[in-house]
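*Asks:* Quick one: the structure is below, questions incoming.
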Amino acid sequence: MSARKLGSRSFSASLKAFVSNQLFIPFIAVVILAVVNLINDPGFFKITMGLNNAGNPVLSGSLITILDFGSELAILAIGMTLVTAASGGQDISVGATIAIAGSAMLRVLCGGNSRPETIQAPIIVAFLVACIVGMLCGAFNGLLVAIFKIQPMIATLILFTAGRSIGAWINNNELPIVPDPKFGYFGGFIPGIPIPTTVFIAAACIIVIALVLKFTNLGLYTQAVGINESSSRLNGINPTLIKFIAFVILGLCVAVAALIKVSRLSTINYSVIAKDIEMDAILAVALGGNALSGGKFNIWASILGAYVIQFLTTTLYKLGVKSDALSAYKAVVVILLVVLSAPVVRDYLSGLSKKLRPVRKEVG
């Protein structure tokens with residue numbers, strides 16, 4: 001066999017492996033978005049050094065915006081991936097839970113006064129309270145899904161509906177303002193560091209979940225429960241506990257996202273904060289190639305999907321799409337991804353590729 005044929009077969013095999021890789025779809029999405037922005041505005045990729053309102057040097061540009069806001073979405077995508085893999089459903093109460101956790105954080109920092117002269121508790125204490133509140137909300141959803149066997153989207157509809165009202169009730173429907181400028185560092189920039197703090201927070205969360213998945217059986221058990229709950233139970237795995245843990249972890253991720261969201265403005269708007277962010281988190285999981293019906297998952301693909309979603313959002317803004325219309329465009333993407341990930345469609349495309357593949361005759 002000639003070297004040319006060997007090279008051709010090797011290239012075909014490599015191409016097939018790349019196309020079948022779970023990261024293929026988000027990679028192609030990045031390429032398409034990059035080309036669109038390059039044609040529409042080459043300055044999209046320009047990064048400049050400037051000064052923020054505090055007079056500190058910071059990096060700015062569309063790519064920095066993607067890293068900044070994509071990082072908080074990546075944190076949520078971690079928890080949403082585990083929930084999706086374990087339960088075969090999605091948590092639609094993420095945005096409302098951010099309002100609850102963020103409101104609890106502000107309550108601790110400001111006390112009973114919505115305009116305090118100084119913070120009433122250390123920031124770390126307020127963050128820990130937000131973590132507890134977020135995990136309790138996750139535990140509530142997990143209880144309904146794991147023990148009472150309620151479909152995840154229906155179970156989380158409760159907090160989706162009531163969450164923002166609960167957040168407003170925590171602070172007596174007032175909008176507390178944190179007076180300490182250091183609180184703004186978590187959603188902005190640390191003086192002397194031109195990179196958004198959210199990037200470092202996301203990196204820390206990614207490292208923690210990577211270590212958890214590497215040194216525990218959480219990932220294996222989550223996939224087993226999502227693939228076949230009955231079989232996993234016969235193999236000694238407790239599906240109820242795994243689903244419950246997945247929702248609690250998502251609640252913890254929500255608390256971290258709440259810290260970032262509230263820190264950006266040092267206050268909260270209950271009806272607007274994290275509006276529709278649950279859709280972006282679900283879309284990040286889907287774009288990462290993870291089946292929305294549960295089972296095998298890839299955290300790294302979901303994280304990449306989160307940054308791609310923010311890439312899409314920033315691109316749509318650059319193209320002049322109004323914020324009210326963003327959900328419609330993203331809904332189209334969700335539909336395409338769900339259809340492409342459907343077993344019927346995948347089987348059809350696989351069969352079609354076999355029919356189109358040329359038949360090679362062996363030469364004796």
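Naming works like this for the structure tokens: A, B, ... for the chains as they're shown, residue 1 at the start of each chain, ligands 1 onward in shown order.
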How would you write, as number ranges by chain, the set of residues in stretch 8-219 of chain A that DSSP gives as alpha helix (DSSP H)?
*Replies:* A: 8-20, 24-40, 62-87, 94-110, 123-142, 152-155, 157-170, 197-215, 218-219
*Asks:* List as a list in words the protein and nucleic acid residues near A:Arg233, meaning an atom at most 12 Å away when only C-alpha atoms are counted, but skip any in the same chain fewer than 5 places from it.
*Replies:* Tyr221, Thr222, Ala224, Val225, Gly226, Ile227, Asn228, Asn238, Pro239, Thr240, Leu241 and Ile242 of chain A
*Asks:* Using only C-alpha atoms, which of the listed residues (A:Arg107, A:Lys296, A:Lys318, A:Arg164) sits closest to A:Asn40?
*Replies:*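 Nearest candidate to A:Asn40 out of A:Arg107, A:Lys296, A:Lys318, A:Arg164: A:Lys318.
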*Asks:* Identify which of the residues A:Ile64, A:Ala291, A:Met105, A:Val30 lies closest to A:Ser266, counting only C-alpha atoms when measuring atom-to-atom distances.
*Replies:* A:Met105
*Asks:* Can you pull out every residue within 12 Å of A:Ala155, counting only C-alpha atoms, but drop anything in the same chain fewer than 2 positions away, and send it as number ranges by chain?
*Replies:* A: 87, 89-93, 137-153, 157-161, 247
*Asks:* If you keep N, CA and C atoms, can you produce a file of those selected residues as a compact mmCIF listing (two decimals), in the first residue's frame?
*Replies:*
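Output saved as result_32.txt:
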```txt
# COMPACT_ATOMS: atom_id res chain seq x y z
N SER A 87 -30.38 13.43 36.90
CA SER A 87 -31.84 13.41 36.95
C SER A 87 -32.51 13.32 35.58
N GLY A 89 -33.10 15.84 33.83
CA GLY A 89 -33.91 17.06 33.74
C GLY A 89 -33.07 18.26 34.08
N GLN A 90 -33.70 19.44 34.06
CA GLN A 90 -32.96 20.66 34.29
C GLN A 90 -33.60 21.49 35.41
N ASP A 91 -32.79 22.30 36.05
CA ASP A 91 -33.24 23.19 37.12
C ASP A 91 -33.51 24.57 36.52
N ILE A 92 -34.77 24.98 36.49
CA ILE A 92 -35.12 26.27 35.90
C ILE A 92 -35.24 27.37 36.96
N SER A 93 -34.85 27.04 38.20
CA SER A 93 -34.97 28.03 39.28
C SER A 93 -33.65 28.72 39.59
N CYS A 137 -31.76 25.69 49.09
CA CYS A 137 -32.65 25.75 47.92
C CYS A 137 -32.42 24.54 47.02
N GLY A 138 -31.14 24.19 46.82
CA GLY A 138 -30.83 23.00 46.03
C GLY A 138 -31.34 21.74 46.69
N ALA A 139 -31.24 21.69 48.02
CA ALA A 139 -31.73 20.52 48.75
C ALA A 139 -33.25 20.39 48.63
N PHE A 140 -33.93 21.54 48.64
CA PHE A 140 -35.39 21.53 48.48
C PHE A 140 -35.77 20.95 47.12
N ASN A 141 -35.09 21.42 46.07
CA ASN A 141 -35.36 20.88 44.73
C ASN A 141 -34.99 19.41 44.65
N GLY A 142 -33.83 19.06 45.24
CA GLY A 142 -33.39 17.67 45.22
C GLY A 142 -34.34 16.75 45.96
N LEU A 143 -34.91 17.24 47.04
CA LEU A 143 -35.88 16.46 47.81
C LEU A 143 -37.10 16.12 46.95
N LEU A 144 -37.60 17.11 46.24
CA LEU A 144 -38.78 16.89 45.40
C LEU A 144 -38.49 15.92 44.26
N VAL A 145 -37.29 16.04 43.68
CA VAL A 145 -36.93 15.21 42.53
C VAL A 145 -36.54 13.80 42.96
N ALA A 146 -35.66 13.69 43.96
CA ALA A 146 -35.09 12.40 44.33
C ALA A 146 -36.04 11.54 45.16
N ILE A 147 -36.75 12.16 46.09
CA ILE A 147 -37.59 11.38 47.00
C ILE A 147 -39.04 11.32 46.52
N PHE A 148 -39.57 12.46 46.10
CA PHE A 148 -40.97 12.48 45.68
C PHE A 148 -41.15 12.20 44.20
N LYS A 149 -40.02 11.99 43.49
CA LYS A 149 -40.04 11.57 42.08
C LYS A 149 -40.79 12.55 41.17
N ILE A 150 -40.67 13.83 41.47
CA ILE A 150 -41.29 14.85 40.63
C ILE A 150 -40.33 15.21 39.50
N GLN A 151 -40.83 15.37 38.31
CA GLN A 151 -39.98 15.73 37.18
C GLN A 151 -39.23 17.03 37.49
N PRO A 152 -37.91 17.07 37.25
CA PRO A 152 -37.08 18.22 37.67
C PRO A 152 -37.63 19.59 37.25
N MET A 153 -38.08 19.73 36.02
CA MET A 153 -38.55 21.03 35.58
C MET A 153 -39.80 21.47 36.33
N LEU A 157 -39.99 24.49 39.29
CA LEU A 157 -40.91 25.57 38.91
C LEU A 157 -41.40 26.32 40.15
N ILE A 158 -41.37 25.65 41.31
CA ILE A 158 -41.84 26.28 42.54
C ILE A 158 -40.95 27.48 42.90
N LEU A 159 -39.64 27.24 42.98
CA LEU A 159 -38.72 28.34 43.29
C LEU A 159 -38.61 29.32 42.13
N PHE A 160 -38.77 28.82 40.92
CA PHE A 160 -38.75 29.71 39.75
C PHE A 160 -39.84 30.76 39.87
N THR A 161 -40.99 30.33 40.39
CA THR A 161 -42.14 31.23 40.53
C THR A 161 -42.04 32.13 41.76
N PHE A 247 -28.15 18.31 43.09
CA PHE A 247 -28.91 19.56 43.27
C PHE A 247 -28.26 20.45 44.33
```
*Asks:* With distances taken over only C-alpha atoms, which residue among A:Leu283, A:Ala328, A:Ala96, A:Leu265 lies nearest A:Val308?
*Replies:*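 Smallest distance to A:Val308 is found for A:Leu283.
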*Asks:* Between A:Cys253, A:Ile268, A:Ala331, A:Ile190, which has the minimum distance to A:Met80 (counting only C-alpha atoms)?
*Replies:*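 With only C-alpha atoms as the atom set, the closest residue is A:Cys253.
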*Asks:* May I ask which of the residues A:Tyr317, A:Phe189, A:Phe44, A:Phe297 is the closest one to A:Tyr329, counting only C-alpha atoms?
*Replies:* A:Tyr317
